[in-house]
$ cat structure-v2.csv   # CSV, N, CA, C and O atoms
chain,number,residue,atom,x,y,z
A,9,MET,N,0.8,-1.2,0.0
A,9,MET,CA,0.0,0.0,0.0
A,9,MET,C,0.9,1.3,0.0
A,9,MET,O,0.3,2.4,0.0
A,10,ASP,N,2.2,1.1,0.0
A,10,ASP,CA,3.0,2.3,0.0
A,10,ASP,C,3.0,2.9,-1.4
A,10,ASP,O,3.5,4.1,-1.5
A,11,TRP,N,2.5,2.3,-2.4
A,11,TRP,CA,2.6,2.8,-3.8
A,11,TRP,C,1.4,3.7,-4.0
A,11,TRP,O,1.5,4.5,-5.0
A,12,VAL,N,0.3,3.7,-3.2
A,12,VAL,CA,-0.8,4.5,-3.4
A,12,VAL,C,-0.5,6.0,-3.4
A,12,VAL,O,-0.9,6.7,-4.3
A,13,PRO,N,0.2,6.5,-2.4
A,13,PRO,CA,0.5,8.0,-2.4
A,13,PRO,C,1.3,8.4,-3.6
A,13,PRO,O,1.2,9.5,-4.2
A,14,VAL,N,2.3,7.5,-4.0
A,14,VAL,CA,3.1,7.8,-5.1
A,14,VAL,C,2.3,8.0,-6.4
A,14,VAL,O,2.5,8.9,-7.2
A,15,VAL,N,1.4,7.0,-6.6
A,15,VAL,CA,0.5,7.1,-7.8
A,15,VAL,C,-0.4,8.3,-7.8
A,15,VAL,O,-0.5,9.0,-8.8
A,16,PHE,N,-1.0,8.6,-6.6
A,16,PHE,CA,-1.9,9.7,-6.5
A,16,PHE,C,-1.2,11.1,-6.7
A,16,PHE,O,-1.7,12.0,-7.4
A,17,ILE,N,0.0,11.2,-6.1
A,17,ILE,CA,0.7,12.4,-6.2
A,17,ILE,C,1.2,12.6,-7.7
A,17,ILE,O,1.2,13.7,-8.2
A,18,THR,N,1.7,11.5,-8.3
A,18,THR,CA,2.1,11.6,-9.7
A,18,THR,C,0.9,12.0,-10.6
A,18,THR,O,1.1,12.9,-11.4
A,19,PHE,N,-0.3,11.4,-10.4
A,19,PHE,CA,-1.4,11.8,-11.1
A,19,PHE,C,-1.8,13.2,-10.9
A,19,PHE,O,-2.1,14.0,-11.9
A,20,LYS,N,-1.7,13.7,-9.7
A,20,LYS,CA,-2.1,15.1,-9.4
A,20,LYS,C,-1.1,16.1,-10.1
A,20,LYS,O,-1.5,17.1,-10.6
A,21,VAL,N,0.2,15.7,-10.0
A,21,VAL,CA,1.2,16.6,-10.7
A,21,VAL,C,0.9,16.7,-12.2
A,21,VAL,O,1.0,17.7,-12.8
A,22,ILE,N,0.6,15.5,-12.8
A,22,ILE,CA,0.4,15.5,-14.2
A,22,ILE,C,-0.9,16.3,-14.6
A,22,ILE,O,-0.9,17.1,-15.5
A,23,VAL,N,-2.0,16.1,-13.8
A,23,VAL,CA,-3.2,16.8,-14.1
A,23,VAL,C,-3.0,18.3,-13.9
A,23,VAL,O,-3.4,19.1,-14.8
A,24,PHE,N,-2.4,18.7,-12.8
A,24,PHE,CA,-2.2,20.2,-12.5
A,24,PHE,C,-1.3,20.8,-13.6
A,24,PHE,O,-1.5,21.9,-14.0
A,25,GLY,N,-0.2,20.0,-13.9
A,25,GLY,CA,0.7,20.5,-15.0
A,25,GLY,C,0.0,20.8,-16.3
A,25,GLY,O,0.2,21.8,-17.0
A,26,SER,N,-0.8,19.8,-16.7
A,26,SER,CA,-1.6,19.9,-17.9
A,26,SER,C,-2.5,21.1,-17.9
A,26,SER,O,-2.6,21.9,-18.9
A,27,CYS,N,-3.2,21.3,-16.8
A,27,CYS,CA,-4.2,22.4,-16.7
A,27,CYS,C,-3.5,23.7,-16.7
A,27,CYS,O,-3.9,24.7,-17.3
A,28,MET,N,-2.3,23.8,-16.0
A,28,MET,CA,-1.6,25.0,-16.0
A,28,MET,C,-1.1,25.4,-17.4
A,28,MET,O,-1.1,26.5,-17.9
A,29,PHE,N,-0.6,24.4,-18.2
A,29,PHE,CA,-0.1,24.6,-19.5
A,29,PHE,C,-1.3,25.1,-20.4
A,29,PHE,O,-1.1,26.1,-21.1
A,30,TYR,N,-2.4,24.5,-20.4
A,30,TYR,CA,-3.5,25.0,-21.2
A,30,TYR,C,-4.1,26.3,-20.8
A,30,TYR,O,-4.6,27.1,-21.6
A,31,ALA,N,-4.1,26.6,-19.5
A,31,ALA,CA,-4.5,27.9,-19.0
A,31,ALA,C,-3.6,29.0,-19.5
A,31,ALA,O,-4.1,30.0,-20.0
A,32,ILE,N,-2.3,28.8,-19.4
A,32,ILE,CA,-1.3,29.8,-19.9
A,32,ILE,C,-1.5,29.9,-21.4
A,32,ILE,O,-1.5,31.0,-21.9
A,33,LYS,N,-1.6,28.8,-22.1
A,33,LYS,CA,-1.7,28.9,-23.6
A,33,LYS,C,-3.0,29.6,-24.0
A,33,LYS,O,-3.0,30.4,-24.9
A,34,TRP,N,-4.1,29.4,-23.3
A,34,TRP,CA,-5.4,30.1,-23.6
A,34,TRP,C,-5.2,31.6,-23.4
A,34,TRP,O,-5.6,32.4,-24.3
A,35,HIS,N,-4.6,32.0,-22.3
A,35,HIS,CA,-4.4,33.4,-22.0
A,35,HIS,C,-3.5,34.0,-23.0
A,35,HIS,O,-3.7,35.2,-23.5
A,36,HIS,N,-2.5,33.3,-23.4
A,36,HIS,CA,-1.5,33.8,-24.4
A,36,HIS,C,-2.3,34.0,-25.8
A,36,HIS,O,-2.1,35.1,-26.4
A,37,ASP,N,-3.1,33.0,-26.2
A,37,ASP,CA,-3.8,33.1,-27.4
A,37,ASP,C,-4.8,34.3,-27.4
A,37,ASP,O,-5.0,34.9,-28.4
A,38,GLN,N,-5.5,34.5,-26.3
A,38,GLN,CA,-6.4,35.6,-26.1
A,38,GLN,C,-5.7,36.9,-26.3
A,38,GLN,O,-6.3,37.8,-26.9
A,39,GLY,N,-4.6,37.0,-25.7
A,39,GLY,CA,-3.8,38.3,-25.8
A,39,GLY,C,-3.4,38.5,-27.3
A,39,GLY,O,-3.5,39.7,-27.8
A,40,LYS,N,-3.0,37.5,-28.0
A,40,LYS,CA,-2.6,37.7,-29.4
A,40,LYS,C,-3.9,38.1,-30.2
A,40,LYS,O,-3.8,38.9,-31.1
A,41,LYS,N,-5.0,37.4,-29.9
A,41,LYS,CA,-6.2,37.7,-30.6
A,41,LYS,C,-6.6,39.2,-30.4
A,41,LYS,O,-7.1,39.9,-31.3
A,42,ALA,N,-6.5,39.7,-29.2
A,42,ALA,CA,-6.9,41.0,-28.9
A,42,ALA,C,-6.0,42.0,-29.6
A,42,ALA,O,-6.5,43.1,-30.1
A,43,LYS,N,-4.7,41.7,-29.6
A,43,LYS,CA,-3.8,42.6,-30.3
A,43,LYS,C,-4.1,42.7,-31.8
A,43,LYS,O,-4.0,43.7,-32.4
A,44,GLU,N,-4.4,41.5,-32.4
A,44,GLU,CA,-4.7,41.5,-33.8
A,44,GLU,C,-6.0,42.3,-34.1
A,44,GLU,O,-6.0,43.0,-35.1
A,45,GLU,N,-7.0,42.1,-33.3
A,45,GLU,CA,-8.2,42.9,-33.5
A,45,GLU,C,-8.0,44.4,-33.3
A,45,GLU,O,-8.6,45.2,-34.1
A,46,ALA,N,-7.2,44.8,-32.4
A,46,ALA,CA,-6.9,46.2,-32.2
A,46,ALA,C,-6.1,46.7,-33.4
A,46,ALA,O,-6.4,47.8,-33.9
A,47,ARG,N,-5.2,45.9,-34.0
A,47,ARG,CA,-4.5,46.4,-35.2
A,47,ARG,C,-5.4,46.5,-36.4
A,47,ARG,O,-5.3,47.5,-37.1
A,48,LEU,N,-6.3,45.6,-36.5
A,48,LEU,CA,-7.3,45.7,-37.6
A,48,LEU,C,-8.2,46.9,-37.5
A,48,LEU,O,-8.5,47.6,-38.5
A,49,ARG,N,-8.6,47.2,-36.3
A,49,ARG,CA,-9.5,48.3,-36.0
A,49,ARG,C,-8.7,49.6,-36.3
A,49,ARG,O,-9.2,50.6,-36.9
A,50,GLN,N,-7.4,49.7,-36.0
A,50,GLN,CA,-6.6,50.8,-36.2
A,50,GLN,C,-6.4,51.0,-37.7
A,50,GLN,O,-6.5,52.2,-38.2
A,51,GLU,N,-6.1,50.0,-38.4
A,51,GLU,CA,-6.0,50.1,-39.9
A,51,GLU,C,-7.2,50.6,-40.5
A,51,GLU,O,-7.2,51.4,-41.4
A,52,ALA,N,-8.4,50.1,-40.1
A,52,ALA,CA,-9.7,50.5,-40.6
A,52,ALA,C,-9.9,52.0,-40.4
A,52,ALA,O,-10.4,52.7,-41.2
A,53,ALA,N,-9.6,52.4,-39.2
A,53,ALA,CA,-9.7,53.8,-38.8
A,53,ALA,C,-8.8,54.7,-39.7
A,53,ALA,O,-9.2,55.8,-40.1
A,54,GLU,N,-7.6,54.3,-39.9
A,54,GLU,CA,-6.7,55.0,-40.7
A,54,GLU,C,-7.1,55.1,-42.2
A,54,GLU,O,-7.1,56.1,-42.8
A,55,ARG,N,-7.7,54.0,-42.7
A,55,ARG,CA,-8.2,54.0,-44.1
A,55,ARG,C,-9.4,54.9,-44.2
A,55,ARG,O,-9.6,55.7,-45.2
A,56,ALA,N,-10.3,54.9,-43.2
A,56,ALA,CA,-11.5,55.8,-43.2
A,56,ALA,C,-11.1,57.2,-43.1
A,56,ALA,O,-11.6,58.1,-43.8
A,57,ALA,N,-10.1,57.5,-42.3
A,57,ALA,CA,-9.6,58.9,-42.2
A,57,ALA,C,-8.9,59.3,-43.5
A,57,ALA,O,-9.1,60.5,-43.9
A,58,GLY,N,-8.2,58.5,-44.1
A,58,GLY,CA,-7.5,58.8,-45.4
A,58,GLY,C,-8.5,58.9,-46.5
A,58,GLY,O,-8.3,59.7,-47.5
A,59,ALA,N,-9.6,58.2,-46.5
A,59,ALA,CA,-10.6,58.3,-47.6
A,59,ALA,C,-11.4,59.5,-47.5
A,59,ALA,O,-11.9,60.1,-48.5
A,60,SER,N,-11.6,60.1,-46.3
A,60,SER,CA,-12.4,61.3,-46.1
A,60,SER,C,-11.6,62.5,-46.5
A,60,SER,O,-12.2,63.6,-46.7
A,61,GLU,N,-10.3,62.5,-46.7
A,61,GLU,CA,-9.5,63.6,-47.0
A,61,GLU,C,-9.6,64.0,-48.5
A,61,GLU,O,-9.8,63.3,-49.3
$ encode --input "structure-v2.csv" --output "structure tokens"
Amino acid sequence: MDWVPVVFITFKVIVFGSCMFYAIKWHHDQGKKAKEEARLRQEAAERAAGASE
């Protein structure tokens, strides 16, 4: 029965590590998406300002 804590702790580390990886990846992807949307909005605003001149 000495193997039970080893198995459970190993499982816990693997699950938490995976969750941390995907949480960090999701936040990173959301940041990139927000930057891209801001860049597109900026370009659209510049084109609209250039077209009105």
$ atom_distance --input "structure-v2.csv" --atom1 "atom C of Pro13 of chain A" --atom2 "atom O of Tyr30 of chain A"
26.6 Å
$ atom_distance --input "structure-v2.csv" --atom1 "atom CA of Phe24 of chain A" --atom2 "atom CA of His36 of chain A"
18.1 Å
$ atom_distance --input "structure-v2.csv" --atom1 "atom O of Arg47 of chain A" --atom2 "atom CA of Ala31 of chain A"
26.7 Å
